[in-house]
>>> print(open('work_31.txt').read())   # compact mmCIF, C-alpha atoms
# COMPACT_ATOMS: atom_id res chain seq x y z
CA MET A 1 -6.23 12.21 10.08
CA ILE A 2 -2.90 13.69 11.16
CA ALA A 3 -1.52 12.50 14.48
CA ALA A 4 1.72 12.96 16.40
CA LEU A 5 2.47 9.38 17.45
CA GLY A 6 4.05 8.16 20.65
CA GLY A 7 2.29 10.48 23.09
CA GLU A 8 -1.00 10.03 24.91
CA THR A 9 -3.50 11.77 22.62
CA GLY A 10 -2.35 10.61 19.19
CA SER A 11 -1.56 7.08 20.30
CA THR A 12 -4.74 6.64 22.33
CA TYR A 13 -7.31 8.06 19.94
CA SER A 14 -5.92 7.38 16.44
CA ILE A 15 -7.37 3.87 16.14
CA SER A 16 -10.73 5.01 17.56
CA ALA A 17 -10.88 7.98 15.18
CA VAL A 18 -10.21 5.83 12.11
CA LYS A 19 -12.74 3.23 13.25
CA ALA A 20 -15.37 5.93 13.78
CA ALA A 21 -14.71 7.39 10.32
CA LYS A 22 -15.17 4.02 8.64
CA GLU A 23 -18.32 3.25 10.63
CA THR A 24 -19.89 6.51 9.45
CA GLY A 25 -19.34 5.54 5.81
CA VAL A 26 -16.12 7.37 4.93
CA GLU A 27 -14.83 5.53 1.87
CA CYS A 28 -11.23 6.70 1.92
CA VAL A 29 -9.21 7.28 5.08
CA LEU A 30 -5.78 8.89 4.98
CA VAL A 31 -3.71 8.47 8.15
CA ILE A 32 -0.55 10.58 8.49
CA GLY A 33 1.46 9.60 11.54
CA ILE A 34 4.35 11.79 12.68
CA LEU A 35 7.07 10.04 14.67
CA PRO A 36 8.96 12.05 17.35
CA PHE A 37 12.65 12.97 17.45
CA PHE A 38 15.09 10.23 18.46
CA PHE A 39 16.04 12.07 21.67
CA GLU A 40 12.45 11.70 22.88
CA GLY A 41 13.08 8.00 23.38
CA VAL A 42 13.09 4.70 21.51
CA ASP A 43 10.14 3.42 23.53
CA ILE A 44 8.00 6.36 22.42
CA ILE A 45 8.92 5.75 18.77
CA LYS A 46 8.08 2.04 19.11
CA ARG A 47 4.78 2.95 20.70
CA GLY A 48 3.98 5.21 17.78
CA LEU A 49 4.81 2.50 15.26
CA ASN A 50 2.69 -0.03 17.15
CA VAL A 51 -0.31 2.28 16.81
CA CYS A 52 0.01 1.94 13.03
CA ASN A 53 0.00 -1.87 13.00
CA PRO A 54 -3.81 -2.21 12.54
CA PHE A 55 -3.65 0.13 9.52
CA TYR A 56 -1.10 -1.80 7.45
CA ASN A 57 -3.36 -4.67 6.32
CA ASP A 58 -6.47 -2.56 5.77
CA SER A 59 -6.82 -1.78 2.06
CA GLU A 60 -9.32 1.01 2.84
CA ILE A 61 -6.74 2.96 4.84
CA ASN A 62 -3.91 4.95 3.27
CA LEU A 63 -1.03 5.20 5.72
CA GLU A 64 1.88 7.63 5.56
CA ILE A 65 4.51 7.77 8.33
CA ILE A 66 6.63 10.90 8.61
CA ASN A 67 9.91 10.54 10.48
CA MET A 68 10.48 13.86 12.26
CA GLU A 69 14.20 13.20 12.75
CA ARG A 70 14.78 12.54 9.07
CA LEU A 71 12.62 15.47 8.03
CA ALA A 72 14.54 17.83 10.30
CA GLU A 73 18.02 16.87 9.07
CA LYS A 74 18.11 19.59 6.41
CA TYR A 75 17.30 22.25 9.03
CA TYR A 76 19.84 21.30 11.71
CA GLU A 77 21.83 24.51 11.15
CA THR A 78 18.70 26.70 11.23
CA GLU A 79 17.53 28.57 14.34
CA THR A 80 15.13 26.34 16.26
CA LEU A 81 11.86 28.25 15.93
CA GLU A 82 12.46 28.95 12.24
CA ALA A 83 13.40 25.30 11.66
CA LEU A 84 10.15 24.15 13.29
CA LYS A 85 8.16 26.50 11.04
CA LEU A 86 9.90 25.08 7.96
CA ILE A 87 9.26 21.52 9.14
CA ASP A 88 5.59 22.37 9.64
CA MET A 89 5.45 23.76 6.08
CA ASP A 90 7.04 20.58 4.72
CA ILE A 91 4.45 18.44 6.50
CA THR A 92 1.63 20.65 5.19
CA CYS A 93 2.92 20.32 1.63
CA ARG A 94 3.13 16.53 2.02
CA VAL A 95 -0.45 16.42 3.30
CA GLU A 96 -1.63 18.42 0.28
CA GLN A 97 0.31 16.15 -2.08
CA LEU A 98 -1.16 13.00 -0.55
CA THR A 99 -4.68 14.41 -0.57
CA LYS A 100 -4.41 15.30 -4.26
CA SER A 101 -2.98 11.86 -5.00
CA LEU A 102 -5.96 10.21 -3.35
CA ASN A 103 -8.37 12.38 -5.30
CA ASP A 104 -6.62 11.30 -8.51
CA ASN A 105 -6.39 7.68 -7.28
CA ILE A 106 -2.60 8.04 -7.45
CA SER A 107 -0.33 7.09 -4.57
CA TYR A 108 3.40 6.68 -4.03
CA TRP A 109 5.27 3.67 -2.69
CA ASN A 110 9.05 3.67 -2.30
CA ASP A 111 9.15 6.53 -4.86
CA TYR A 112 7.16 4.51 -7.43
CA ARG A 113 4.03 6.19 -8.78
CA ILE A 114 1.11 3.84 -8.30
CA ASN A 115 -2.43 3.82 -9.64
CA GLY A 116 -4.37 2.36 -6.73
CA ASN A 117 -3.88 1.84 -3.03
CA ALA A 118 -0.21 1.54 -2.05
CA CYS A 119 -1.26 -0.18 1.20
CA ASP A 120 -1.80 -3.33 -0.87
CA LEU A 121 1.88 -3.21 -1.83
CA GLU A 122 2.83 -3.03 1.85
CA TYR A 123 0.57 -6.02 2.46
CA VAL A 124 2.37 -8.07 -0.20
CA SER A 125 5.88 -6.89 0.70
CA LYS A 126 5.46 -7.95 4.33
CA SER A 127 5.07 -11.51 3.17
CA GLN A 128 7.16 -11.62 0.00
CA GLY A 129 9.80 -8.91 0.47
CA LEU A 130 10.43 -5.65 -1.37
CA TYR A 131 12.43 -7.10 -4.26
CA VAL A 132 9.55 -9.26 -5.48
CA ILE A 133 7.60 -6.04 -6.12
CA THR A 134 10.33 -3.57 -7.12
CA ASP A 135 11.67 -6.08 -9.66
CA MET A 136 8.58 -5.56 -11.79
CA LEU A 137 7.50 -1.95 -11.17
CA SER A 138 8.19 0.65 -13.84
CA GLU A 139 10.01 3.81 -12.78
CA GLU A 140 8.88 5.94 -15.74
CA GLY A 141 5.85 4.04 -17.03
CA TYR A 142 2.60 3.04 -15.37
CA ASN A 143 1.94 0.85 -12.34
CA TRP A 144 -1.34 -0.49 -10.98
CA VAL A 145 -2.25 -2.31 -7.79
CA VAL A 146 -5.75 -3.70 -7.34
CA SER A 147 -7.27 -6.01 -4.76
CA ALA A 148 -10.48 -7.87 -4.00
CA HIS A 149 -11.71 -10.43 -1.52
CA SER A 150 -14.48 -12.99 -1.59
CA GLU A 151 -15.35 -16.36 -0.11
CA ASN A 152 -14.93 -17.70 -3.65
CA CYS A 153 -11.41 -17.41 -5.10
CA ARG A 154 -12.59 -17.28 -8.71
CA ASP A 155 -14.94 -14.42 -7.85
CA ALA A 156 -12.14 -12.54 -6.06
CA VAL A 157 -9.82 -12.88 -9.06
CA GLU A 158 -12.54 -11.67 -11.44
CA LYS A 159 -13.27 -8.65 -9.23
CA ALA A 160 -9.57 -7.74 -9.08
CA VAL A 161 -9.07 -8.13 -12.85
CA ALA A 162 -12.11 -5.90 -13.46
CA LYS A 163 -10.32 -3.06 -11.65
CA LEU A 164 -7.35 -3.15 -14.03
CA PRO A 165 -7.24 -1.01 -17.21
CA SER A 166 -9.57 -2.33 -19.91
CA SER A 167 -6.66 -2.81 -22.33
CA LEU A 168 -4.89 -5.58 -20.46
CA ASN A 169 -2.63 -6.32 -23.44
CA VAL A 170 -0.64 -3.12 -22.85
CA ILE A 171 0.60 -4.44 -19.51
CA THR A 172 3.93 -6.24 -19.60
CA ASP A 173 4.33 -7.50 -16.03
CA TYR A 174 1.88 -9.04 -13.57
CA LEU A 175 2.12 -10.39 -10.05
CA ILE A 176 -0.87 -12.35 -8.73
CA TYR A 177 -0.87 -12.68 -4.95
CA ILE A 178 -3.42 -14.96 -3.25
CA SER A 179 -3.90 -15.43 0.47
CA CYS A 180 -6.49 -17.22 2.56
CA ASN A 181 -6.83 -18.86 5.95
CA ASN A 182 -9.04 -21.90 6.38
CA ARG A 183 -9.63 -23.00 2.77
CA GLN A 184 -6.47 -23.40 0.73
CA LEU A 185 -6.68 -24.07 -3.02
CA SER A 186 -5.32 -27.15 -4.73
CA LEU A 187 -2.72 -26.46 -7.41
CA LYS A 188 -5.19 -27.63 -10.08
CA GLU A 189 -7.85 -25.19 -8.84
CA PHE A 190 -5.36 -22.33 -8.67
CA THR A 191 -3.95 -22.79 -12.18
CA GLY A 192 -7.45 -23.27 -13.62
CA ILE A 193 -8.71 -20.02 -12.12
CA CYS A 194 -5.69 -18.07 -13.34
CA LEU A 195 -6.03 -19.49 -16.86
CA GLU A 196 -9.75 -18.83 -17.14
CA CYS A 197 -10.06 -15.49 -15.36
CA PHE A 198 -6.74 -13.90 -16.10
CA THR A 199 -4.07 -15.41 -18.33
CA GLN A 200 -6.23 -15.90 -21.42
CA LYS A 201 -7.09 -12.18 -21.43
CA VAL A 202 -3.55 -10.80 -21.54
CA ASP A 203 -0.86 -10.60 -24.20
CA ASN A 204 1.22 -13.76 -24.68
CA LYS A 205 4.39 -11.72 -24.24
CA SER A 206 3.43 -10.57 -20.75
CA ARG A 207 5.47 -11.81 -17.83
CA ILE A 208 3.21 -13.30 -15.16
CA LYS A 209 4.37 -14.16 -11.64
CA TRP A 210 2.33 -15.55 -8.77
CA ARG A 211 2.73 -15.97 -5.04
CA ILE A 212 0.74 -17.71 -2.33
CA GLY A 213 0.63 -15.37 0.65
CA LYS A 214 0.43 -15.63 4.38
CA LYS A 215 -2.78 -16.77 5.98
CA ILE A 216 -5.39 -14.17 6.80
CA ILE A 217 -8.21 -14.17 9.32
CA GLY A 218 -11.50 -15.73 8.24
CA ASP A 219 -12.61 -17.74 5.23
CA ASP A 220 -12.32 -15.12 2.48
CA PHE A 221 -9.69 -15.22 -0.24
CA LYS A 222 -7.76 -11.98 -0.73
CA ILE A 223 -6.36 -11.27 -4.18
CA VAL A 224 -3.83 -8.55 -4.95
CA ILE A 225 -2.75 -7.99 -8.55
CA ILE A 226 0.24 -5.76 -9.30
CA ALA A 227 0.70 -4.74 -12.93
CA SER A 228 3.04 -2.45 -14.83
CA CYS A 229 4.00 -1.30 -18.31
CA ASN A 230 6.38 1.21 -19.85
CA ASN A 231 3.80 2.91 -22.08
CA VAL A 232 0.03 3.00 -22.45
CA VAL A 233 -1.13 2.85 -26.04
>>> encode(input="work_31.txt", output="structure tokens")
Amino acid sequence: MIAALGGETGSTYSISAVKAAKETGVECVLVIGILPFFFEGVDIIKRGLNVCNPFYNDSEINLEIINMERLAEKYYETETLEALKLIDMDITCRVEQLTKSLNDNISYWNDYRINGNACDLEYVSKSQGLYVITDMLSEEGYNWVVSAHSENCRDAVEKAVAKLPSSLNVITDYLIYISCNNRQLSLKEFTGICLECFTQKVDNKSRIKWRIGKKIIGDDFKIVIIASCNNVV
């Protein structure tokens, strides 16, 4: 779905359109929101950003926000109609790139190439900050992000680990991120689950970090595992 955000149509119907797509069984939803020019008003831009809020924490939705002002900077000296055509071509190329990335299960996050859904990285960064993630991602190697949720934390961890490459020993860096609402784990339970379901399966030289995340709605545990390596053998 491509929507110009901030106005009546895009802002009013974007959430409904995404909800309808998911209810009809669409497995992968790509939302591309285009923010207006600055001169159109700060309130309109804020309204457009607010429309995207429900999409950030949904791992089944891939969200890309295009800033029209920033996109247009390289065409400021170009005649208006021609500049708008070039901007439209740039947006079309970005849509094609994102669509291909989804088909290949490849996405991009802050210029890092990611195997998996980059929305999970946004989910973690909102709670933990960008540096926690960028400190471990590889610029030229391979990066994975996987997630799972379950009412049982051990089950959620096992589901997430199962989505990682089968050769876990090639991965050099891990970040395990756990969040829940009503049923927090004891430290003993947490370390036991990580040892049994995760740590014993990876190379002893791997660097493993963990974070307890912000509370989420409901009783399920949500697990996000971020992993990276410089080379795949």
>>> closest_residue(input="work_31.txt", among="A:Ile225, A:Cys180, A:Ile171, A:Ala72", to="Leu121 of chain A", atoms="all atoms listed in the file")
A:Ile225
>>> closest_residue(input="work_31.txt", among="A:Val157, A:Ala162, A:Leu63, A:Met68", to="Phe39 of chain A", atoms="only C-alpha atoms")
A:Met68
>>> atom_distance(input="work_31.txt", atom1="atom CA of Glu8 of chain A", atom2="atom CA of Lys126 of chain A")
28.1 Å
>>> atom_distance(input="work_31.txt", atom1="atom CA of Arg47 of chain A", atom2="atom CA of Ile32 of chain A")
15.4 Å
>>> atom_distance(input="work_31.txt", atom1="atom CA of Ile208 of chain A", atom2="atom CA of Leu175 of chain A")
6.0 Å
>>> closest_residue(input="work_31.txt", among="A:Val42, A:Val18, A:Cys52, A:Asp120", to="Leu5 of chain A", atoms="only C-alpha atoms")
A:Cys52
>>> closest_residue(input="work_31.txt", among="A:Gly41, A:Val146, A:Asp173, A:Tyr123", to="Asn230 of chain A", atoms="all atoms listed in the file")
A:Asp173
>>> residues_near_point(input="work_31.txt", point="(4.2, 11.0, 8.2)", cutoff="12 Å", atoms="all atoms listed in the file", output="ChimeraX atom specification")
/A:1-5,30-36,48-49,52,62-71,87-88,90-95,98
>>> residues_around(input="work_31.txt", residues="segment 186-189 of chain A", least_positions_apart="6", cutoff="12 Å", atoms="only C-alpha atoms", output="ChimeraX atom specification")
/A:152-154,195-197,212
>>> closest_residue(input="work_31.txt", among="A:Gly25, A:Glu139, A:Ala20, A:Val145", to="Glu122 of chain A", atoms="all atoms listed in the file")
A:Val145
>>> residues_around(input="work_31.txt", residues="Glu140 of chain A", least_positions_apart="5", cutoff="10 Å", atoms="all atoms listed in the file", output="list in words")
Tyr112, Arg113, Cys229, Asn230 and Asn231 of chain A
>>> axis_aligned_box(input="work_31.txt", around="segment 138-153 of chain A", padding_each_side="3 Å", output="JSON")
{"center_x": -2.7, "center_y": -5.9, "center_z": -8.6, "size_x": 31.4, "size_y": 29.6, "size_z": 22.9}
>>> closest_residue(input="work_31.txt", among="A:Ile223, A:Ala118, A:Ala17, A:Leu137", to="Glu151 of chain A", atoms="all atoms listed in the file")
A:Ile223
